[in-house]
file protein.cif (mmCIF, C-alpha atoms)
data_start
#
loop_
_atom_site.label_atom_id
_atom_site.label_comp_id
_atom_site.auth_asym_id
_atom_site.auth_seq_id
_atom_site.Cartn_x
_atom_site.Cartn_y
_atom_site.Cartn_z
CA MET A 1 -16.83 -8.32 23.20
CA HIS A 2 -20.48 -8.98 24.06
CA THR A 3 -21.09 -5.87 26.13
CA GLU A 4 -24.26 -4.13 25.06
CA LYS A 5 -26.84 -1.67 26.31
CA THR A 6 -30.54 -2.26 26.79
CA LEU A 7 -33.54 -0.29 28.00
CA ILE A 8 -35.98 -1.21 30.71
CA LEU A 9 -39.00 0.80 31.71
CA ILE A 10 -40.44 0.26 35.14
CA LYS A 11 -44.04 1.09 34.39
CA HIS A 12 -46.45 2.95 36.60
CA ASP A 13 -47.85 -0.26 38.14
CA GLY A 14 -44.37 -1.06 39.42
CA LEU A 15 -43.97 2.41 40.91
CA ALA A 16 -47.47 2.45 42.39
CA ARG A 17 -46.71 -0.82 44.18
CA ASN A 18 -43.33 0.40 45.54
CA LEU A 19 -41.32 -2.20 43.60
CA LEU A 20 -38.64 0.08 42.15
CA GLY A 21 -35.86 -0.96 44.54
CA LYS A 22 -36.64 -4.66 44.26
CA ILE A 23 -36.68 -4.54 40.48
CA ILE A 24 -33.50 -2.47 40.11
CA SER A 25 -31.62 -4.66 42.59
CA ARG A 26 -32.33 -7.77 40.47
CA PHE A 27 -30.38 -6.24 37.60
CA GLU A 28 -27.57 -4.84 39.74
CA GLU A 29 -27.08 -8.22 41.42
CA THR A 30 -26.36 -9.82 38.02
CA GLY A 31 -23.47 -7.41 37.46
CA LEU A 32 -25.28 -5.20 34.95
CA LYS A 33 -24.31 -1.55 35.25
CA ILE A 34 -26.83 1.30 35.30
CA VAL A 35 -25.53 3.87 32.81
CA GLY A 36 -28.70 5.97 32.60
CA MET A 37 -31.78 6.37 34.78
CA LYS A 38 -34.58 8.90 35.11
CA MET A 39 -38.23 9.33 35.98
CA ILE A 40 -40.41 10.59 33.16
CA TRP A 41 -44.10 11.02 32.50
CA ALA A 42 -44.49 10.04 28.85
CA ASP A 43 -46.67 12.18 26.63
CA GLU A 44 -48.75 10.75 23.77
CA SER A 45 -46.03 11.35 21.18
CA LEU A 46 -43.33 9.53 23.18
CA ALA A 47 -45.66 6.62 24.00
CA LYS A 48 -46.62 6.13 20.35
CA LYS A 49 -43.00 6.33 19.22
CA HIS A 50 -42.08 3.73 21.83
CA TYR A 51 -44.82 1.33 20.74
CA VAL A 52 -44.19 1.45 17.01
CA LEU A 53 -46.93 -0.07 14.88
CA ASP A 54 -45.55 -2.16 12.04
CA GLU A 55 -47.19 -4.78 9.88
CA THR A 56 -45.12 -7.73 11.11
CA TRP A 57 -45.82 -6.96 14.78
CA ALA A 58 -49.52 -6.35 14.06
CA LYS A 59 -49.87 -9.68 12.22
CA ASN A 60 -48.12 -11.52 15.05
CA VAL A 61 -50.28 -10.06 17.84
CA PHE A 62 -53.40 -10.53 15.68
CA GLU A 63 -52.68 -14.24 15.10
CA LYS A 64 -51.79 -14.92 18.74
CA THR A 65 -54.96 -13.25 19.98
CA LYS A 66 -57.14 -14.90 17.37
CA THR A 67 -55.73 -18.33 18.23
CA THR A 68 -56.31 -17.75 21.95
CA HIS A 69 -59.92 -16.69 21.32
CA GLU A 70 -60.57 -19.71 19.10
CA ARG A 71 -59.05 -22.08 21.67
CA GLU A 72 -61.28 -20.61 24.37
CA GLY A 73 -64.36 -20.67 22.14
CA LYS A 74 -64.71 -16.88 22.21
CA PRO A 75 -65.57 -14.75 19.19
CA PHE A 76 -62.82 -12.67 17.61
CA THR A 77 -64.41 -9.94 15.54
CA TYR A 78 -61.31 -8.33 14.04
CA LYS A 79 -60.46 -9.09 10.42
CA ASP A 80 -57.63 -6.64 9.75
CA PRO A 81 -54.33 -7.15 11.61
CA LEU A 82 -53.40 -3.45 11.30
CA GLU A 83 -56.74 -2.36 12.76
CA PHE A 84 -56.19 -4.72 15.70
CA GLY A 85 -52.57 -3.55 15.98
CA ARG A 86 -53.72 0.08 16.24
CA LEU A 87 -56.05 -0.91 19.08
CA ILE A 88 -53.26 -2.66 20.99
CA GLN A 89 -50.90 0.25 20.29
CA SER A 90 -53.47 2.65 21.77
CA TRP A 91 -53.90 0.44 24.87
CA ASN A 92 -50.11 0.23 25.32
CA SER A 93 -49.79 3.98 24.86
CA GLU A 94 -52.55 4.72 27.38
CA PHE A 95 -50.96 2.42 29.95
CA LEU A 96 -47.52 3.97 29.47
CA ARG A 97 -49.05 7.42 30.07
CA GLU A 98 -51.01 6.38 33.18
CA GLY A 99 -48.30 7.69 35.48
CA PRO A 100 -44.57 8.28 35.64
CA VAL A 101 -42.17 5.53 34.60
CA ILE A 102 -38.54 4.91 35.44
CA ALA A 103 -36.41 4.58 32.32
CA VAL A 104 -33.14 2.72 32.84
CA VAL A 105 -30.26 1.93 30.51
CA LEU A 106 -28.35 -1.15 31.60
CA GLN A 107 -24.98 -2.19 30.22
CA GLY A 108 -23.10 -5.45 30.40
CA PRO A 109 -22.31 -8.70 28.66
CA HIS A 110 -25.37 -10.08 26.85
CA ALA A 111 -27.49 -7.41 28.56
CA ILE A 112 -30.54 -7.80 26.30
CA GLU A 113 -30.73 -11.57 26.74
CA VAL A 114 -30.02 -11.45 30.48
CA VAL A 115 -32.61 -8.74 31.12
CA ARG A 116 -35.30 -10.55 29.09
CA LYS A 117 -34.70 -13.72 31.15
CA PHE A 118 -34.91 -11.82 34.42
CA VAL A 119 -38.09 -10.01 33.37
CA GLY A 120 -39.96 -13.22 32.45
CA SER A 121 -42.87 -13.95 30.15
CA THR A 122 -44.94 -11.01 28.90
CA GLU A 123 -48.05 -12.62 30.38
CA PRO A 124 -47.50 -12.60 34.16
CA ARG A 125 -49.42 -15.84 34.79
CA GLN A 126 -46.92 -17.61 32.49
CA ALA A 127 -43.85 -15.98 34.09
CA ALA A 128 -41.65 -18.40 35.99
CA PRO A 129 -40.98 -17.93 39.71
CA GLY A 130 -37.70 -16.11 40.14
CA THR A 131 -38.45 -13.65 37.34
CA ILE A 132 -39.60 -10.10 38.01
CA ARG A 133 -43.05 -10.71 36.55
CA GLY A 134 -43.27 -14.17 38.14
CA ASP A 135 -42.44 -12.84 41.60
CA PHE A 136 -44.03 -9.39 41.62
CA ALA A 137 -46.74 -9.03 38.96
CA MET A 138 -50.30 -9.34 40.18
CA ILE A 139 -52.32 -12.29 38.89
CA GLU A 140 -52.74 -11.06 35.33
CA SER A 141 -53.47 -12.74 32.02
CA TYR A 142 -54.44 -12.01 28.45
CA ALA A 143 -57.94 -13.25 29.29
CA ILE A 144 -58.34 -10.70 32.09
CA ALA A 145 -56.85 -7.87 30.02
CA ASN A 146 -59.03 -8.72 27.01
CA SER A 147 -62.19 -8.89 29.14
CA LYS A 148 -61.39 -5.40 30.45
CA ALA A 149 -60.43 -4.06 26.97
CA ARG A 150 -56.97 -3.07 28.13
CA VAL A 151 -53.32 -4.07 27.89
CA LEU A 152 -51.57 -6.43 30.31
CA ARG A 153 -50.26 -4.85 33.47
CA ASN A 154 -46.85 -6.48 33.73
CA LEU A 155 -44.59 -4.04 35.60
CA VAL A 156 -41.73 -3.65 33.13
CA HIS A 157 -40.76 -3.28 29.50
CA ALA A 158 -37.45 -4.69 28.26
CA SER A 159 -35.90 -4.23 24.82
CA ASP A 160 -36.04 -7.44 22.80
CA THR A 161 -33.37 -6.96 20.11
CA PRO A 162 -30.18 -4.91 19.69
CA GLU A 163 -31.95 -2.79 17.04
CA ASN A 164 -34.91 -2.07 19.33
CA ALA A 165 -32.61 -1.38 22.28
CA LYS A 166 -30.71 1.22 20.24
CA ARG A 167 -33.93 2.84 18.97
CA GLU A 168 -35.57 2.86 22.41
CA ILE A 169 -32.51 4.22 24.23
CA GLU A 170 -32.25 7.07 21.70
CA LEU A 171 -35.96 7.76 22.17
CA TRP A 172 -35.85 7.98 25.97
CA PHE A 173 -32.33 9.37 26.55
CA SER A 174 -30.12 12.03 25.03
CA PRO A 175 -26.43 11.08 24.58
CA ASN A 176 -25.37 13.24 27.55
CA GLU A 177 -27.72 11.26 29.83
CA ILE A 178 -25.78 8.01 29.23
CA HIS A 179 -22.77 7.73 31.51
CA ASN A 180 -19.52 5.82 31.22
CA TYR A 181 -17.81 4.92 34.46
CA LYS A 182 -15.80 2.05 35.93
CA LYS A 183 -16.96 -0.51 38.45
CA GLU A 184 -14.89 -3.25 40.05
CA ILE A 185 -16.75 -5.92 38.06
CA ASP A 186 -15.70 -4.28 34.75
CA LYS A 187 -12.27 -5.92 34.94
CA TYR A 188 -13.92 -9.26 34.15
CA PHE A 189 -15.44 -8.02 30.91
#
call {"tool": "encode", "arguments": {"input": "protein.cif", "output": "structure tokens"}}
result
Amino acid sequence: MHTEKTLILIKHDGLARNLLGKIISRFEETGLKIVGMKMIWADESLAKKHYVLDETWAKNVFEKTKTTHEREGKPFTYKDPLEFGRLIQSWNSEFLREGPVIAVVLQGPHAIEVVRKFVGSTEPRQAAPGTIRGDFAMIESYAIANSKARVLRNLVHASDTPENAKREIELWFSPNEIHNYKKEIDKYF
């Protein structure tokens, strides 16, 4: 069986722009089931635990950013991937704490893959039409975010792997906040 759970966070920019219903309906229309949902204002501890800083992630974001700067002929002054990773982690944490977020646990066949496709590219200007970021995110890019020394404003977070989904769900929800119930569509899975 390929049924799995995943976490999405509708960030403060999505709430501030009254997009909650539109975003949630995209997932419900695919047949995914909401098994947990709540509004929460993340504190610093929760935000930092959500955006875990590890060496592999830091190296990846460092190399991507460095390559982009070089391609655009802009200086990139960072030499240490972990130092740069800490900066990005702090930007992500600040953004997550800017206002309340809606945390949602979705369940269904291939939920992680399906949700990631519906969310679209991390950089909104690269997100395809028909995706949440492609249809609803403001014109936003790494170049704009970097020039403002801040993280991308891209409406939603979606777990990217089964391991991260499990870790993130446990971080945002207690076991008694995850519900098991039947829907008509369940008979197909």
call {"tool": "resolve_selection", "arguments": {"input": "protein.cif", "expression": "the PyMOL selection byres ((chain A and resi 114) around 12)", "output": "PDB file with C-alpha atoms, in the frame of the given file"}}
result
ATOM      1  CA  HIS A   2     -20.480  -8.980  24.060  1.00  0.00           C
ATOM      2  CA  THR A   3     -21.090  -5.870  26.130  1.00  0.00           C
ATOM      3  CA  GLU A   4     -24.260  -4.130  25.060  1.00  0.00           C
ATOM      4  CA  LYS A   5     -26.840  -1.670  26.310  1.00  0.00           C
ATOM      5  CA  THR A   6     -30.540  -2.260  26.790  1.00  0.00           C
ATOM      6  CA  LEU A   7     -33.540  -0.290  28.000  1.00  0.00           C
ATOM      7  CA  ILE A   8     -35.980  -1.210  30.710  1.00  0.00           C
ATOM      8  CA  ARG A  26     -32.330  -7.770  40.470  1.00  0.00           C
ATOM      9  CA  PHE A  27     -30.380  -6.240  37.600  1.00  0.00           C
ATOM     10  CA  GLU A  28     -27.570  -4.840  39.740  1.00  0.00           C
ATOM     11  CA  GLU A  29     -27.080  -8.220  41.420  1.00  0.00           C
ATOM     12  CA  THR A  30     -26.360  -9.820  38.020  1.00  0.00           C
ATOM     13  CA  GLY A  31     -23.470  -7.410  37.460  1.00  0.00           C
ATOM     14  CA  LEU A  32     -25.280  -5.200  34.950  1.00  0.00           C
ATOM     15  CA  LEU A 106     -28.350  -1.150  31.600  1.00  0.00           C
ATOM     16  CA  GLN A 107     -24.980  -2.190  30.220  1.00  0.00           C
ATOM     17  CA  GLY A 108     -23.100  -5.450  30.400  1.00  0.00           C
ATOM     18  CA  PRO A 109     -22.310  -8.700  28.660  1.00  0.00           C
ATOM     19  CA  HIS A 110     -25.370 -10.080  26.850  1.00  0.00           C
ATOM     20  CA  ALA A 111     -27.490  -7.410  28.560  1.00  0.00           C
ATOM     21  CA  ILE A 112     -30.540  -7.800  26.300  1.00  0.00           C
ATOM     22  CA  GLU A 113     -30.730 -11.570  26.740  1.00  0.00           C
ATOM     23  CA  VAL A 115     -32.610  -8.740  31.120  1.00  0.00           C
ATOM     24  CA  ARG A 116     -35.300 -10.550  29.090  1.00  0.00           C
ATOM     25  CA  LYS A 117     -34.700 -13.720  31.150  1.00  0.00           C
ATOM     26  CA  PHE A 118     -34.910 -11.820  34.420  1.00  0.00           C
ATOM     27  CA  VAL A 119     -38.090 -10.010  33.370  1.00  0.00           C
ATOM     28  CA  GLY A 120     -39.960 -13.220  32.450  1.00  0.00           C
ATOM     29  CA  THR A 131     -38.450 -13.650  37.340  1.00  0.00           C
ATOM     30  CA  ALA A 158     -37.450  -4.690  28.260  1.00  0.00           C
ATOM     31  CA  SER A 159     -35.900  -4.230  24.820  1.00  0.00           C
ATOM     32  CA  ASP A 160     -36.040  -7.440  22.800  1.00  0.00           C
ATOM     33  CA  THR A 161     -33.370  -6.960  20.110  1.00  0.00           C
TER      34      THR A 161
END
call {"tool": "closest_residue", "arguments": {"input": "protein.cif", "among": "A:Ala143, A:Met37, A:Ala128, A:Ala42", "to": "Asn176 of chain A", "atoms": "only C-alpha atoms"}}
result
A:Met37
call {"tool": "closest_residue", "arguments": {"input": "protein.cif", "among": "A:Gly14, A:Arg86, A:His157, A:Glu123", "to": "Ile144 of chain A", "atoms": "all atoms listed in the file"}}
result
A:Glu123
call {"tool": "resolve_selection", "arguments": {"input": "protein.cif", "expression": "the PyMOL selection byres ((chain A and resi 66) around 12)", "output": "MDAnalysis selection string"}}
result
chainID A and resid 58:65 67:81 84 142 146
call {"tool": "closest_residue", "arguments": {"input": "protein.cif", "among": "A:Leu53, A:Ile10, A:Val35, A:Leu155", "to": "Tyr181 of chain A", "atoms": "all atoms listed in the file"}}
result
A:Val35
call {"tool": "resolve_selection", "arguments": {"input": "protein.cif", "expression": "the PyMOL selection byres ((chain A and resi 50) around 10)", "output": "list of chain:residue names"}}
result
A:Ala42, A:Glu44, A:Ser45, A:Leu46, A:Ala47, A:Lys48, A:Lys49, A:Tyr51, A:Val52, A:Leu53, A:Gln89, A:Asn92, A:Ser93, A:Leu96, A:Asn164, A:Arg167, A:Glu168, A:Ile169, A:Leu171, A:Trp172
call {"tool": "write_last_selection", "arguments": {"input": "protein.cif", "atoms": "C-alpha atoms", "output": "short mmCIF file (atom, residue, chain, number, x, y, z; two decimals), keeping the file's coordinate frame"}}
result
data_model
loop_
_atom_site.label_atom_id
_atom_site.label_comp_id
_atom_site.auth_asym_id
_atom_site.auth_seq_id
_atom_site.Cartn_x
_atom_site.Cartn_y
_atom_site.Cartn_z
CA ALA A 42 -44.49 10.04 28.85
CA GLU A 44 -48.75 10.75 23.77
CA SER A 45 -46.03 11.35 21.18
CA LEU A 46 -43.33 9.53 23.18
CA ALA A 47 -45.66 6.62 24.00
CA LYS A 48 -46.62 6.13 20.35
CA LYS A 49 -43.00 6.33 19.22
CA TYR A 51 -44.82 1.33 20.74
CA VAL A 52 -44.19 1.45 17.01
CA LEU A 53 -46.93 -0.07 14.88
CA GLN A 89 -50.90 0.25 20.29
CA ASN A 92 -50.11 0.23 25.32
CA SER A 93 -49.79 3.98 24.86
CA LEU A 96 -47.52 3.97 29.47
CA ASN A 164 -34.91 -2.07 19.33
CA ARG A 167 -33.93 2.84 18.97
CA GLU A 168 -35.57 2.86 22.41
CA ILE A 169 -32.51 4.22 24.23
CA LEU A 171 -35.96 7.76 22.17
CA TRP A 172 -35.85 7.98 25.97
#
call {"tool": "build_atoms", "arguments": {"input": "protein.cif", "residues": "segment 165-180 of chain A", "atoms": "N, CA and C atoms", "output": "PDB file, in the frame of the given file"}}
result
ATOM      1  N   ALA A 165     -33.282  -2.010  21.142  1.00  0.00           N
ATOM      2  CA  ALA A 165     -32.610  -1.380  22.280  1.00  0.00           C
ATOM      3  C   ALA A 165     -32.004  -0.045  21.866  1.00  0.00           C
ATOM      4  N   LYS A 166     -31.321  -0.026  20.734  1.00  0.00           N
ATOM      5  CA  LYS A 166     -30.710   1.220  20.240  1.00  0.00           C
ATOM      6  C   LYS A 166     -31.785   2.275  19.982  1.00  0.00           C
ATOM      7  N   ARG A 167     -32.852   1.899  19.284  1.00  0.00           N
ATOM      8  CA  ARG A 167     -33.930   2.840  18.970  1.00  0.00           C
ATOM      9  C   ARG A 167     -34.590   3.360  20.247  1.00  0.00           C
ATOM     10  N   GLU A 168     -34.884   2.463  21.185  1.00  0.00           N
ATOM     11  CA  GLU A 168     -35.570   2.860  22.410  1.00  0.00           C
ATOM     12  C   GLU A 168     -34.693   3.734  23.305  1.00  0.00           C
ATOM     13  N   ILE A 169     -33.416   3.401  23.425  1.00  0.00           N
ATOM     14  CA  ILE A 169     -32.510   4.220  24.230  1.00  0.00           C
ATOM     15  C   ILE A 169     -32.434   5.635  23.657  1.00  0.00           C
ATOM     16  N   GLU A 170     -32.310   5.745  22.337  1.00  0.00           N
ATOM     17  CA  GLU A 170     -32.250   7.070  21.700  1.00  0.00           C
ATOM     18  C   GLU A 170     -33.555   7.834  21.856  1.00  0.00           C
ATOM     19  N   LEU A 171     -34.663   7.128  21.983  1.00  0.00           N
ATOM     20  CA  LEU A 171     -35.960   7.760  22.170  1.00  0.00           C
ATOM     21  C   LEU A 171     -36.112   8.341  23.578  1.00  0.00           C
ATOM     22  N   TRP A 172     -35.644   7.610  24.565  1.00  0.00           N
ATOM     23  CA  TRP A 172     -35.850   7.980  25.970  1.00  0.00           C
ATOM     24  C   TRP A 172     -34.699   8.803  26.559  1.00  0.00           C
ATOM     25  N   PHE A 173     -33.502   8.712  25.970  1.00  0.00           N
ATOM     26  CA  PHE A 173     -32.330   9.370  26.550  1.00  0.00           C
ATOM     27  C   PHE A 173     -31.564  10.158  25.494  1.00  0.00           C
ATOM     28  N   SER A 174     -31.049  11.308  25.890  1.00  0.00           N
ATOM     29  CA  SER A 174     -30.120  12.030  25.030  1.00  0.00           C
ATOM     30  C   SER A 174     -28.725  11.467  25.305  1.00  0.00           C
ATOM     31  N   PRO A 175     -27.781  11.647  24.368  1.00  0.00           N
ATOM     32  CA  PRO A 175     -26.430  11.080  24.580  1.00  0.00           C
ATOM     33  C   PRO A 175     -25.780  11.524  25.882  1.00  0.00           C
ATOM     34  N   ASN A 176     -26.016  12.769  26.309  1.00  0.00           N
ATOM     35  CA  ASN A 176     -25.370  13.240  27.550  1.00  0.00           C
ATOM     36  C   ASN A 176     -26.012  12.670  28.813  1.00  0.00           C
ATOM     37  N   GLU A 177     -27.094  11.901  28.673  1.00  0.00           N
ATOM     38  CA  GLU A 177     -27.720  11.260  29.830  1.00  0.00           C
ATOM     39  C   GLU A 177     -27.232   9.811  30.022  1.00  0.00           C
ATOM     40  N   ILE A 178     -26.373   9.348  29.128  1.00  0.00           N
ATOM     41  CA  ILE A 178     -25.780   8.010  29.230  1.00  0.00           C
ATOM     42  C   ILE A 178     -24.360   8.202  29.756  1.00  0.00           C
ATOM     43  N   HIS A 179     -24.038   7.500  30.824  1.00  0.00           N
ATOM     44  CA  HIS A 179     -22.770   7.730  31.510  1.00  0.00           C
ATOM     45  C   HIS A 179     -21.839   6.533  31.385  1.00  0.00           C
ATOM     46  N   ASN A 180     -20.552   6.844  31.296  1.00  0.00           N
ATOM     47  CA  ASN A 180     -19.520   5.820  31.220  1.00  0.00           C
ATOM     48  C   ASN A 180     -18.670   5.951  32.467  1.00  0.00           C
TER      49      ASN A 180
END
